[in-house]
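Undergrad: Just my_file08.csv, nothing more (CSV, C-alpha atoms):
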chain,number,residue,atom,x,y,z
A,1,MET,CA,0.0,0.0,0.0
A,2,SER,CA,1.5,3.4,-1.0
A,3,ASN,CA,1.8,6.2,1.5
A,4,LYS,CA,-1.0,8.2,-0.2
A,5,SER,CA,-3.4,5.2,-0.3
A,6,ARG,CA,-2.5,4.4,3.3
A,7,LYS,CA,-3.3,8.0,4.3
A,8,ASP,CA,-6.5,7.9,2.4
A,9,HIS,CA,-7.4,4.5,3.8
A,10,TYR,CA,-7.1,5.4,7.5
A,11,TYR,CA,-8.6,8.9,7.0
A,12,LYS,CA,-11.7,7.4,5.3
A,13,LYS,CA,-11.9,4.6,7.8
A,14,ALA,CA,-11.9,7.1,10.7
A,15,LYS,CA,-14.6,9.1,9.1
A,16,LYS,CA,-16.7,6.0,8.4
A,17,GLU,CA,-16.3,4.6,11.9
A,18,GLY,CA,-16.8,7.9,13.8
A,19,TYR,CA,-13.3,8.4,15.1
A,20,ARG,CA,-11.9,11.9,15.4
A,21,SER,CA,-8.5,11.1,14.1
A,22,ARG,CA,-6.8,8.5,11.9
A,23,ALA,CA,-4.4,8.3,14.8
A,24,SER,CA,-7.0,6.2,16.6
A,25,TYR,CA,-5.8,3.2,14.6
A,26,LYS,CA,-2.3,3.6,15.8
A,27,LEU,CA,-3.4,3.1,19.4
A,28,GLN,CA,-5.6,0.2,18.3
A,29,GLN,CA,-2.6,-1.5,16.7
A,30,ILE,CA,-0.3,-0.8,19.7
A,31,GLN,CA,-3.0,-2.3,21.9
A,32,ARG,CA,-3.4,-5.4,19.8
A,33,ARG,CA,0.4,-6.0,19.9
A,34,PHE,CA,1.1,-5.1,23.6
A,35,GLU,CA,-2.2,-5.2,25.5
A,36,VAL,CA,-1.2,-2.2,27.5
A,37,ILE,CA,-4.8,-1.1,28.5
A,38,HIS,CA,-7.1,-3.3,30.4
A,39,GLU,CA,-10.8,-3.1,31.3
A,40,ASP,CA,-11.4,-0.7,34.2
A,41,ASP,CA,-7.9,0.8,34.0
A,42,VAL,CA,-7.5,4.6,34.6
A,43,VAL,CA,-5.8,6.0,31.6
A,44,VAL,CA,-4.4,9.5,31.3
A,45,ASP,CA,-4.0,10.7,27.7
A,46,LEU,CA,-1.5,13.6,27.4
A,47,GLY,CA,-1.9,15.9,24.4
A,48,ALA,CA,-5.2,14.3,23.8
A,49,ALA,CA,-6.7,16.7,21.2
A,50,PRO,CA,-8.8,16.1,19.1
A,51,GLY,CA,-9.7,13.0,21.1
A,52,GLY,CA,-9.2,10.0,18.8
A,53,TRP,CA,-7.2,8.1,21.4
A,54,LEU,CA,-9.8,8.9,24.1
A,55,GLN,CA,-12.4,7.2,22.0
A,56,ILE,CA,-10.3,4.0,21.8
A,57,ILE,CA,-9.8,4.0,25.6
A,58,LYS,CA,-13.6,4.2,26.0
A,59,ASP,CA,-14.0,1.3,23.5
A,60,LEU,CA,-11.7,-0.7,25.8
A,61,ASN,CA,-14.0,0.0,28.8
A,62,ALA,CA,-11.3,1.9,30.6
A,63,THR,CA,-11.6,5.2,32.3
A,64,ALA,CA,-10.1,8.1,30.3
A,65,ILE,CA,-8.8,11.4,31.4
A,66,GLY,CA,-7.7,13.7,28.5
A,67,VAL,CA,-5.2,16.5,28.9
A,68,ASP,CA,-4.4,19.1,26.3
A,69,ILE,CA,-3.6,22.8,26.0
A,70,GLN,CA,-6.2,23.0,23.3
A,71,GLN,CA,-9.9,22.7,23.9
A,72,ILE,CA,-11.3,19.2,23.3
A,73,ALA,CA,-14.9,18.7,22.3
A,74,PRO,CA,-16.7,16.8,25.0
A,75,ILE,CA,-16.9,13.0,24.9
A,76,GLU,CA,-19.6,11.4,27.1
A,77,GLY,CA,-18.1,9.8,30.2
A,78,ILE,CA,-14.6,11.2,29.7
A,79,THR,CA,-12.9,13.8,32.0
A,80,LEU,CA,-11.1,16.6,30.1
A,81,ILE,CA,-8.4,18.8,31.6
A,82,LYS,CA,-7.1,21.9,29.9
A,83,GLY,CA,-3.4,22.1,30.7
A,84,ASP,CA,0.1,22.3,29.2
A,85,ILE,CA,2.0,19.1,29.8
A,86,THR,CA,5.3,21.0,29.9
A,87,GLU,CA,4.1,23.0,32.9
A,88,PRO,CA,4.4,21.6,36.5
A,89,GLY,CA,0.9,22.7,37.5
A,90,THR,CA,-0.7,20.2,35.0
A,91,THR,CA,0.4,17.2,37.1
A,92,GLU,CA,-1.4,18.6,40.1
A,93,LYS,CA,-4.6,19.1,38.0
A,94,ILE,CA,-4.4,15.4,37.0
A,95,GLN,CA,-3.8,14.3,40.6
A,96,ASN,CA,-6.9,16.3,41.7
A,97,VAL,CA,-9.1,14.0,39.6
A,98,ALA,CA,-7.2,10.7,39.7
A,99,ARG,CA,-5.4,9.2,42.6
A,100,LYS,CA,-4.5,5.9,40.9
A,101,VAL,CA,-3.4,5.9,37.3
A,102,ASP,CA,-2.7,2.6,35.5
A,103,VAL,CA,-1.6,3.9,32.1
A,104,VAL,CA,-0.2,7.1,30.7
A,105,ILE,CA,-0.3,7.6,27.0
A,106,SER,CA,0.8,10.5,24.8
A,107,ASP,CA,0.5,11.1,21.0
A,108,ALA,CA,1.6,14.7,21.5
A,109,ALA,CA,3.7,16.3,18.7
A,110,PRO,CA,5.2,19.8,18.5
A,111,ASN,CA,4.2,22.4,16.0
A,112,LEU,CA,6.5,21.7,13.1
A,113,SER,CA,9.0,24.4,12.0
A,114,GLY,CA,10.4,22.5,9.1
A,115,VAL,CA,13.8,22.5,10.6
A,116,TRP,CA,14.4,18.9,11.6
A,117,SER,CA,16.9,19.4,14.4
A,118,VAL,CA,14.4,21.9,16.0
A,119,ASP,CA,11.4,19.6,15.5
A,120,HIS,CA,13.3,16.6,16.9
A,121,ALA,CA,14.4,18.5,20.0
A,122,ARG,CA,10.8,19.8,20.6
A,123,SER,CA,9.5,16.3,20.3
A,124,ILE,CA,12.0,15.0,22.9
A,125,GLU,CA,10.9,17.8,25.2
A,126,LEU,CA,7.3,16.8,24.9
A,127,SER,CA,8.1,13.1,25.3
A,128,THR,CA,10.2,13.9,28.4
A,129,SER,CA,7.4,15.9,29.9
A,130,ALA,CA,5.1,13.0,29.4
A,131,LEU,CA,7.6,10.6,31.0
A,132,ASN,CA,8.0,13.0,34.0
A,133,ILE,CA,4.3,13.2,34.5
A,134,ALA,CA,4.0,9.4,34.3
A,135,LYS,CA,6.7,9.0,36.9
A,136,GLN,CA,4.7,11.1,39.3
A,137,ILE,CA,1.2,9.7,38.8
A,138,LEU,CA,1.6,6.0,37.7
A,139,LYS,CA,1.0,3.3,40.2
A,140,PRO,CA,3.8,0.7,40.6
A,141,GLY,CA,3.6,-1.8,37.7
A,142,GLY,CA,1.8,0.8,35.5
A,143,ALA,CA,2.4,1.4,31.8
A,144,LEU,CA,3.3,4.1,29.3
A,145,ILE,CA,2.9,4.7,25.6
A,146,VAL,CA,4.6,7.8,24.2
A,147,LYS,CA,5.4,9.1,20.7
A,148,VAL,CA,8.8,10.4,19.9
A,149,PHE,CA,10.5,11.5,16.7
A,150,GLN,CA,13.7,9.6,15.9
A,151,GLY,CA,17.0,11.4,15.8
A,152,ASP,CA,20.2,12.2,17.7
A,153,LEU,CA,18.4,12.5,21.1
A,154,PHE,CA,16.3,9.3,20.7
A,155,ASP,CA,18.7,6.9,22.4
A,156,GLU,CA,19.1,9.1,25.5
A,157,PHE,CA,15.3,9.3,25.8
A,158,LEU,CA,14.9,5.5,25.4
A,159,LYS,CA,17.5,5.1,28.1
A,160,MET,CA,15.4,7.2,30.5
A,161,VAL,CA,12.4,5.1,29.8
A,162,ARG,CA,14.4,1.9,30.4
A,163,GLU,CA,15.5,3.3,33.8
A,164,ASN,CA,11.9,3.4,34.9
A,165,PHE,CA,10.2,0.4,33.3
A,166,SER,CA,11.0,-3.3,33.3
A,167,PHE,CA,9.7,-3.9,29.8
A,168,VAL,CA,10.4,-1.4,27.0
A,169,LYS,CA,9.9,-1.7,23.3
A,170,ALA,CA,9.9,0.6,20.3
A,171,PHE,CA,7.1,0.1,17.8
A,172,ASN,CA,6.0,1.6,14.5
A,173,PRO,CA,2.2,1.0,13.9
A,174,GLU,CA,1.1,0.4,10.3
A,175,ALA,CA,-1.2,3.4,10.6
A,176,SER,CA,1.8,5.7,10.9
A,177,ARG,CA,2.7,7.4,7.6
A,178,LYS,CA,5.6,5.5,5.9
A,179,GLN,CA,7.9,8.5,5.7
A,180,SER,CA,7.2,9.7,9.2
A,181,ALA,CA,10.1,9.7,11.8
A,182,GLU,CA,7.6,9.1,14.6
A,183,ILE,CA,7.9,5.9,16.7
A,184,TYR,CA,6.1,4.8,19.8
A,185,ILE,CA,7.8,3.7,23.0
A,186,ILE,CA,5.9,1.2,25.1
A,187,GLY,CA,6.9,0.8,28.8
A,188,LYS,CA,5.3,-1.8,31.1
A,189,LYS,CA,5.9,-2.7,34.8
A,190,PHE,CA,6.7,0.8,36.1
A,191,LEU,CA,9.4,0.8,38.7
A,192,LYS,CA,8.4,3.2,41.4
A,193,VAL,CA,11.5,2.8,43.4
A,194,PRO,CA,14.0,5.1,45.2
A,195,VAL,CA,17.0,4.2,43.0
A,196,ASN,CA,18.0,4.6,39.4
A,197,LEU,CA,19.6,2.2,37.0
A,198,ASN,CA,23.4,2.6,36.9
A,199,ALA,CA,23.3,5.1,39.7
A,200,VAL,CA,25.9,4.8,42.5
A,201,TYR,CA,25.0,4.7,46.2
A,202,GLU,CA,26.7,4.1,49.5
A,203,VAL,CA,24.9,1.5,51.6
A,204,GLN,CA,25.4,-0.6,54.7
A,205,ILE,CA,25.0,-4.4,54.4
A,206,GLU,CA,22.3,-5.2,57.0
A,207,THR,CA,22.1,-8.9,56.7
A,208,ILE,CA,23.1,-11.9,54.4
A,209,GLY,CA,20.4,-13.6,52.4
A,210,GLU,CA,19.9,-17.4,51.9
A,211,ALA,CA,22.0,-17.3,48.7
A,212,GLY,CA,24.9,-15.7,50.5
A,213,ASP,CA,24.5,-12.2,49.0
A,214,GLY,CA,24.5,-9.0,51.1
A,215,ILE,CA,21.2,-7.2,51.7
A,216,ALA,CA,21.1,-3.4,52.0
A,217,LYS,CA,18.2,-1.0,52.0
A,218,ILE,CA,17.5,2.4,50.7
A,219,ASN,CA,14.3,3.9,52.1
A,220,ASP,CA,13.2,0.3,52.9
A,221,PHE,CA,13.8,-0.8,49.3
A,222,ILE,CA,16.1,-3.9,49.1
A,223,ILE,CA,19.4,-3.8,47.3
A,224,ILE,CA,21.1,-7.2,46.8
A,225,VAL,CA,24.9,-6.9,46.7
A,226,PRO,CA,27.0,-10.0,46.1
A,227,ASP,CA,30.5,-10.4,47.6
A,228,THR,CA,29.8,-8.4,50.8
A,229,LYS,CA,29.7,-9.1,54.5
A,230,LYS,CA,27.2,-8.1,57.2
A,231,GLY,CA,28.0,-4.7,58.6
A,232,GLU,CA,30.2,-3.5,55.7
A,233,VAL,CA,29.6,0.0,54.3
A,234,VAL,CA,30.1,-0.3,50.5
A,235,THR,CA,29.6,1.8,47.3
A,236,VAL,CA,27.4,0.0,44.8
A,237,LYS,CA,26.3,0.6,41.3
A,238,VAL,CA,22.7,-0.4,40.5
A,239,THR,CA,22.7,-3.0,37.7
A,240,ASP,CA,19.1,-4.2,37.5
A,241,ILE,CA,15.8,-3.0,39.0
A,242,LYS,CA,12.8,-5.1,39.8
A,243,PRO,CA,9.4,-3.9,41.2
A,244,THR,CA,10.4,-4.8,44.8
A,245,PHE,CA,14.2,-5.1,44.8
A,246,ALA,CA,17.3,-4.2,42.9
A,247,PHE,CA,20.8,-5.8,42.2
A,248,GLY,CA,23.9,-3.8,43.0
A,249,LYS,CA,27.5,-4.4,42.0
A,250,ARG,CA,30.1,-3.5,44.6
A,251,ILE,CA,32.6,-1.0,43.3
A,252,SER,CA,34.5,-0.2,46.5
Please express what this file holds, its structure, as structure tokens.

TA:
Amino acid sequence: MSNKSRKDHYYKKAKKEGYRSRASYKLQQIQRRFEVIHEDDVVVDLGAAPGGWLQIIKDLNATAIGVDIQQIAPIEGITLIKGDITEPGTTEKIQNVARKVDVVISDAAPNLSGVWSVDHARSIELSTSALNIAKQILKPGGALIVKVFQGDLFDEFLKMVRENFSFVKAFNPEASRKQSAEIYIIGKKFLKVPVNLNAVYEVQIETIGEAGDGIAKINDFIIIVPDTKKGEVVTVKVTDIKPTFAFGKRIS
């Protein structure tokens, strides 16, 4: 299917099926592949205008909260918040209506300037804002879908997502335009923990586990450190993070 026919296909399909945007089919295809959203989940859609993704969330029998700096035409049963996702106050607005969020999604894109380096940097800024909001509102084990433009800064952004989710994949839905540089990052099993991957900490080994490894804690979060003894104060580098514990490598 050529790019033009693909564009026409999804545009006409959206009109026929009552979706506000051809982008609705991107979320459908991501959902079929990764099963990110489940029935009764609370899902926050950042940069939600015109509302095509909100319609898909509703189809999945999940609770949708849409956030955008633009006005979104009302959708029955869906909470809408007017806010700029790059502004800190927007997170508070979301928290005022949702205490437990299962999934954060974002199809936000910058206004294009036509200068690729500028557009890519602005895309990374939006995606990073979405990630930062997700880190504040997601429950442990929650999920993220975020669009980003590929380019020089992509790998660094992907690294940030991997530091916060156990499962991370990049995916290009069929409904995306063939020549588009957009790609979607899917993160599952959010790690809401007080340590960061590859970060260095000084810890005291409090006890020795059954496997003979040292056990330390940071804010009651367990760090497993091989080759240590009870009572030692050591410097460790976090090498792997799980929902309830992490592994650390002794470096001094």

Undergrad: In Å, rounded to a single decimal, give me how far CA of Asn196 (chain A) is from CA of Arg162 (chain A).

TA: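 CA of Asn196 (chain A) lies 10.1 Å from CA of Arg162 (chain A).
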
Undergrad: Given the choices A:Gln204, A:Asn96, A:Thr239, A:Thr244, which gets closest to Lys189 (chain A) if the distance is worked out from all atoms listed in the file?

TA: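 Closest residue, counting all atoms listed in the file: A:Thr244.
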
Undergrad: Find the residue from A:Ile85, A:Leu191, A:Val103, A:Leu46 that sits nearest to Ala62 (chain A); use all atoms listed in the file when measuring.

TA: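 Between A:Ile85, A:Leu191, A:Val103, A:Leu46, the residue approaching Ala62 (chain A) most closely is A:Val103.
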
Undergrad: Select, from A:Val101, A:Ile145, A:Val115, A:Ile224, the residue with the minimum atom-to-atom distance to Asn172 (chain A), counting all atoms listed in the file.

TA: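 Going through A:Val101, A:Ile145, A:Val115, A:Ile224 one by one, the smallest distance to Asn172 (chain A) is for A:Ile145.
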
Undergrad: In terms of the shortest atom-to-atom distance over only C-alpha atoms, which of A:Arg22, A:Arg32, A:Lys169, A:His120 is closest to His9 (chain A)?

TA: A:Arg22

Undergrad: One decimal, in Å: what's the spacing between CA of Lys188 (chain A) and CA of Gln31 (chain A)?

TA: 12.4 Å

Undergrad: Return the single residue from A:Ile222, A:Leu60, A:Gln95, A:Asp8 that is closest to Glu35 (chain A), with distances computed using all atoms listed in the file.

TA: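 Using all atoms listed in the file, the shortest distance to Glu35 (chain A) belongs to A:Leu60.
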
Undergrad: Go ahead and compute the interatomic distance for CA of Ala23 (chain A) and CA of Lys58 (chain A), in Å to one decimal.

TA: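 Answer for the CA of Ala23 (chain A) to CA of Lys58 (chain A) separation: 15.1 Å.
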
Undergrad: Quick one: of A:Val225, A:Ile241, A:Ala48, A:Ile186, who's nearest to Ile72 (chain A), counting only C-alpha atoms?

TA: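 Closest candidate: A:Ala48.
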
Undergrad: Env of Ala130 (chain A): 7 Å cut, atoms = all atoms listed in the file, seq-sep filter 3 positions within chain, self excluded. Answer as a PyMOL selection string.

TA: chain A and resi 46+85+106+126-127+133-134

Undergrad: Within 9 Å of Asp84 (chain A), counting all atoms listed in the file, which residues show up once you throw out same-chain ones fewer than 3 positions away? Write them as a ChimeraX atom specification, please.

TA: /A:47,67-70,87-90

Undergrad: Save the residues we just selected, C-alpha atoms, as a compact mmCIF listing (two decimals), in the frame of the given file?

TA:
# COMPACT_ATOMS: atom_id res chain seq x y z
CA GLY A 47 -1.90 15.90 24.40
CA VAL A 67 -5.20 16.50 28.90
CA ASP A 68 -4.40 19.10 26.30
CA ILE A 69 -3.60 22.80 26.00
CA GLN A 70 -6.20 23.00 23.30
CA GLU A 87 4.10 23.00 32.90
CA PRO A 88 4.40 21.60 36.50
CA GLY A 89 0.90 22.70 37.50
CA THR A 90 -0.70 20.20 35.00

Undergrad: So that I can see what lies close to Gly18 (chain A), please list as an MDAnalysis selection string the residues with an atom at most 10 Å from it, counting all atoms listed in the file and leaving out residues fewer than 5 positions away in the same chain.

TA: chainID A and resid 12:13 52 55
